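Structure first, commentary second.
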Amino acid sequence: MPLMSRRKLMLAATGAAAATLAPRITVVQAQTPPAPAAGPFKLDPLPYPTNALEPHIDAMTMEIHHDRHHATYVNNLNTIAKDHPQIAQAPIQDVLAKLNELPEAIRTNVRNNMGGHANHTMFWQIMGPGGGKPQGDLAAAIDRDLGGLEKFQTDFNAAGGRVFGSGWVAVVVSRDGKLALETRPNQDSVLMDSKRVLFGNDVWEHAYYLKYQNRRPDYLKAWWNVVNWNKVGERYAAAKAGTLTV
Ligand code: MN3
């Protein structure tokens, strides 16, 4: 075969390869968010658009965090539930409080994925574009138990900064309305200790890395701009009424 023809042939082959590759890449990207697996666990949509928390939390972070990370925890739970339907037959907070009653083979998986599901379900709820300030009973409890809003926010940020690797910083609320600051590693939840979470922040890198990279303290500081204090107030009232779940 003459040289020119061979080159033409190679170029044609490269072109053909590129042409078949291009649409395949598009398809792969479109499929990256896990398809919802059938099962008893559901991923609720975000209660606001993905760009509603800009500029403090960017839209792409919200999209990946909700549509991929949280969706994966939900899908994993549905996969576990196929062989172990009992994990869906009690409220999430009850299953998490009794993890050691589960078969050992699924215990760690349920701990990670149901903990992740519970943590994120709370997390989307207590954020929003409105902001505001703590009011009424909640404001009084922050003054009484956490040293006032300013000191509390400083302590919360410091605790979130001290979580080594991935985890959560949260405020727990007792049935009589008493507040305390706690942290947990990984996707552990205070629900595993039969406690209730008033609200909390996700300090996994996936929550902030696109915008803040290694600057977790900057993310912790900016996050207060997107706390929905009305919602936190509703959760406080629910805790005292004994109706707060996840
Ligand atoms: Mn997360």
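The chains in the structure tokens are called A, B, ... from first to last as shown; in each chain the residues are counted from 1, and the ligands are counted from 1 in the order shown.
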Q | Surroundings of ligand 1 up to 12 Å, based on only C-alpha atoms and all ligand atoms, as a ChimeraX atom specification | A | /A:61-73,112-113,115-124,166-169,185-188,200-209
Q | Point-to-point distance in Å for atom CA of Val226 of chain A and atom CA of Leu77 of chain A | A |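 If I compute the distance from atom CA of Leu77 of chain A to atom CA of Val226 of chain A, I get 28.9 Å.
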**Q.** Residue contacts of Thr79 of chain A (10 Å, only C-alpha atoms) excluding same-chain residues fewer than 4 positions away, as a VMD selection string
**A.** chain A and resid 37 to 41 73 to 75 83 to 85
**Q.** Polymer residues at most 12 Å from Gly128 of chain A, only C-alpha atoms, same-chain spacing of 3 or more positions, as a list in words
**A.**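 The neighbour list is Leu46, Pro47, Tyr48, Pro49, Thr50, Asn51, Ala52, Leu53, Glu54, His56, Ile57, Met62, Phe123, Trp124, Gln125, Gly131, Gly132, Trp223, Trp224, Asn225, Val226, Val227, Asn228, Trp229, Asn230, Lys231 and Val232 of chain A.
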(Q) My list of candidates is A:Leu138, A:Asp193, A:Asp155, A:Arg162. Which is closest to Lys178 of chain A when distances are computed with only C-alpha atoms? (A)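 Ranked by minimum distance to Lys178 of chain A, first place goes to A:Leu138.
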Q. If you run DSSP on the backbone, which residues of segment 38-223 of chain A are strand (DSSP E or B), as a VMD selection string?
A. chain A and resid 127 167 to 173 179 to 185 197 to 202
Create the file for the chosen residues now, containing N, CA and C atoms and written as an mmCIF file, in the first residue's frame.
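That gives us part-v5.cif:
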```cif
data_model
loop_
_atom_site.group_PDB
_atom_site.id
_atom_site.type_symbol
_atom_site.label_atom_id
_atom_site.label_comp_id
_atom_site.auth_asym_id
_atom_site.auth_seq_id
_atom_site.Cartn_x
_atom_site.Cartn_y
_atom_site.Cartn_z
ATOM 1 N N MET A 127 -30.575 24.180 55.588
ATOM 2 C CA MET A 127 -29.949 25.257 54.829
ATOM 3 C C MET A 127 -31.002 25.914 53.955
ATOM 4 N N GLY A 167 -16.231 13.942 58.474
ATOM 5 C CA GLY A 167 -17.161 13.807 59.583
ATOM 6 C C GLY A 167 -18.138 14.960 59.660
ATOM 7 N N TRP A 168 -18.736 15.097 60.824
ATOM 8 C CA TRP A 168 -19.812 16.065 61.036
ATOM 9 C C TRP A 168 -19.615 16.805 62.349
ATOM 10 N N VAL A 169 -20.038 18.058 62.360
ATOM 11 C CA VAL A 169 -20.127 18.816 63.606
ATOM 12 C C VAL A 169 -21.603 19.179 63.767
ATOM 13 N N ALA A 170 -22.140 18.952 64.960
ATOM 14 C CA ALA A 170 -23.585 19.091 65.123
ATOM 15 C C ALA A 170 -23.947 19.593 66.514
ATOM 16 N N VAL A 171 -25.149 20.134 66.595
ATOM 17 C CA VAL A 171 -25.736 20.496 67.885
ATOM 18 C C VAL A 171 -26.776 19.439 68.211
ATOM 19 N N VAL A 172 -26.622 18.795 69.363
ATOM 20 C CA VAL A 172 -27.640 17.839 69.798
ATOM 21 C C VAL A 172 -28.626 18.557 70.706
ATOM 22 N N VAL A 173 -29.856 18.074 70.681
ATOM 23 C CA VAL A 173 -30.915 18.688 71.478
ATOM 24 C C VAL A 173 -31.633 17.603 72.266
ATOM 25 N N LEU A 179 -29.127 22.124 74.745
ATOM 26 C CA LEU A 179 -28.277 22.020 73.559
ATOM 27 C C LEU A 179 -26.839 21.670 73.931
ATOM 28 N N ALA A 180 -26.146 20.951 73.054
ATOM 29 C CA ALA A 180 -24.723 20.655 73.244
ATOM 30 C C ALA A 180 -24.073 20.440 71.885
ATOM 31 N N LEU A 181 -22.802 20.749 71.826
ATOM 32 C CA LEU A 181 -22.018 20.625 70.596
ATOM 33 C C LEU A 181 -21.346 19.255 70.565
ATOM 34 N N GLU A 182 -21.459 18.537 69.444
ATOM 35 C CA GLU A 182 -20.799 17.233 69.332
ATOM 36 C C GLU A 182 -20.248 17.045 67.923
ATOM 37 N N THR A 183 -19.241 16.197 67.797
ATOM 38 C CA THR A 183 -18.737 15.840 66.467
ATOM 39 C C THR A 183 -18.787 14.324 66.310
ATOM 40 N N ARG A 184 -18.807 13.883 65.054
ATOM 41 C CA ARG A 184 -18.774 12.460 64.743
ATOM 42 C C ARG A 184 -17.872 12.240 63.530
ATOM 43 N N PRO A 185 -17.151 11.105 63.501
ATOM 44 C CA PRO A 185 -16.354 10.787 62.314
ATOM 45 C C PRO A 185 -17.206 10.149 61.217
ATOM 46 N N VAL A 197 -30.438 15.357 66.618
ATOM 47 C CA VAL A 197 -29.616 16.440 66.100
ATOM 48 C C VAL A 197 -30.512 17.637 65.774
ATOM 49 N N LEU A 198 -30.138 18.798 66.316
ATOM 50 C CA LEU A 198 -30.868 20.021 65.984
ATOM 51 C C LEU A 198 -30.470 20.487 64.592
ATOM 52 N N PHE A 199 -29.184 20.616 64.369
ATOM 53 C CA PHE A 199 -28.649 20.904 63.037
ATOM 54 C C PHE A 199 -27.150 20.654 63.060
ATOM 55 N N GLY A 200 -26.562 20.566 61.871
ATOM 56 C CA GLY A 200 -25.138 20.287 61.828
ATOM 57 C C GLY A 200 -24.558 20.577 60.465
ATOM 58 N N ASN A 201 -23.230 20.524 60.406
ATOM 59 C CA ASN A 201 -22.532 20.820 59.157
ATOM 60 C C ASN A 201 -21.657 19.641 58.745
ATOM 61 N N ASP A 202 -21.628 19.407 57.449
ATOM 62 C CA ASP A 202 -20.872 18.336 56.823
ATOM 63 C C ASP A 202 -19.457 18.838 56.565
#
```
Q: For each of A:Val95, A:Val190, A:Val163, A:Ala241, take the minimum atom-to-atom distance to Leu220 of chain A, counting only C-alpha atoms, then give the residue where this is smallest.
A: A:Val163
Q.
Using DSSP assignments from the backbone, pull out every residue in segment 79-161 of chain A that falls under alpha helix (DSSP H) and give it to me as number ranges by chain.
A. A: 79-83, 92-97, 104-125, 136-146, 149-161
Mind writing the picked residues with C-alpha atoms as an mmCIF file, in the first residue's frame?
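Result file follows (selection.cif):
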```
data_model
loop_
_atom_site.group_PDB
_atom_site.id
_atom_site.type_symbol
_atom_site.label_atom_id
_atom_site.label_comp_id
_atom_site.auth_asym_id
_atom_site.auth_seq_id
_atom_site.Cartn_x
_atom_site.Cartn_y
_atom_site.Cartn_z
ATOM 1 C CA THR A 79 -29.410 -2.834 47.657
ATOM 2 C CA ILE A 80 -28.959 -4.004 51.262
ATOM 3 C CA ALA A 81 -32.734 -4.022 51.773
ATOM 4 C CA LYS A 82 -33.199 -6.588 48.993
ATOM 5 C CA ASP A 83 -31.777 -9.329 51.220
ATOM 6 C CA ILE A 92 -34.307 5.279 60.455
ATOM 7 C CA GLN A 93 -33.593 6.690 63.907
ATOM 8 C CA ASP A 94 -34.638 3.371 65.501
ATOM 9 C CA VAL A 95 -32.505 1.251 63.167
ATOM 10 C CA LEU A 96 -29.488 3.498 63.835
ATOM 11 C CA ALA A 97 -30.022 3.312 67.594
ATOM 12 C CA GLU A 104 -22.746 -8.470 61.519
ATOM 13 C CA ALA A 105 -22.424 -8.928 57.754
ATOM 14 C CA ILE A 106 -24.436 -5.769 57.018
ATOM 15 C CA ARG A 107 -23.823 -3.723 60.179
ATOM 16 C CA THR A 108 -20.967 -1.536 58.882
ATOM 17 C CA ASN A 109 -22.707 -0.979 55.553
ATOM 18 C CA VAL A 110 -25.923 0.099 57.247
ATOM 19 C CA ARG A 111 -23.993 2.279 59.677
ATOM 20 C CA ASN A 112 -22.235 4.138 56.846
ATOM 21 C CA ASN A 113 -25.093 4.401 54.376
ATOM 22 C CA MET A 114 -28.012 4.941 56.737
ATOM 23 C CA GLY A 115 -25.893 7.339 58.787
ATOM 24 C CA GLY A 116 -25.107 9.180 55.554
ATOM 25 C CA HIS A 117 -28.769 9.173 54.511
ATOM 26 C CA ALA A 118 -29.901 10.555 57.885
ATOM 27 C CA ASN A 119 -27.133 13.169 58.083
ATOM 28 C CA HIS A 120 -27.787 14.526 54.596
ATOM 29 C CA THR A 121 -31.574 14.490 54.977
ATOM 30 C CA MET A 122 -31.111 16.827 57.957
ATOM 31 C CA PHE A 123 -28.416 18.863 56.190
ATOM 32 C CA TRP A 124 -30.476 19.885 53.097
ATOM 33 C CA GLN A 125 -33.396 20.878 55.316
ATOM 34 C CA GLY A 136 -37.447 32.967 70.710
ATOM 35 C CA ASP A 137 -36.861 29.761 72.688
ATOM 36 C CA LEU A 138 -34.043 28.702 70.388
ATOM 37 C CA ALA A 139 -32.152 31.987 70.810
ATOM 38 C CA ALA A 140 -32.613 31.704 74.586
ATOM 39 C CA ALA A 141 -31.286 28.120 74.595
ATOM 40 C CA ILE A 142 -28.221 29.162 72.581
ATOM 41 C CA ASP A 143 -27.529 31.891 75.144
ATOM 42 C CA ARG A 144 -28.131 29.546 78.091
ATOM 43 C CA ASP A 145 -26.330 26.387 76.897
ATOM 44 C CA LEU A 146 -23.804 27.537 74.297
ATOM 45 C CA LEU A 149 -24.540 33.019 69.283
ATOM 46 C CA GLU A 150 -21.105 34.495 68.692
ATOM 47 C CA LYS A 151 -19.255 32.201 71.094
ATOM 48 C CA PHE A 152 -21.276 29.228 69.884
ATOM 49 C CA GLN A 153 -20.378 29.880 66.241
ATOM 50 C CA THR A 154 -16.689 30.218 67.122
ATOM 51 C CA ASP A 155 -16.792 26.954 69.106
ATOM 52 C CA PHE A 156 -18.756 25.171 66.357
ATOM 53 C CA ASN A 157 -16.243 26.240 63.691
ATOM 54 C CA ALA A 158 -13.326 25.192 65.891
ATOM 55 C CA ALA A 159 -14.911 21.777 66.556
ATOM 56 C CA GLY A 160 -15.590 21.329 62.824
ATOM 57 C CA GLY A 161 -12.003 22.248 62.081
#
```
Q: One decimal, Å: what's the distance from atom CA of Met192 of chain A over to atom CA of Pro217 of chain A, could you say?
A: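 Those two atoms sit 27.0 Å apart.
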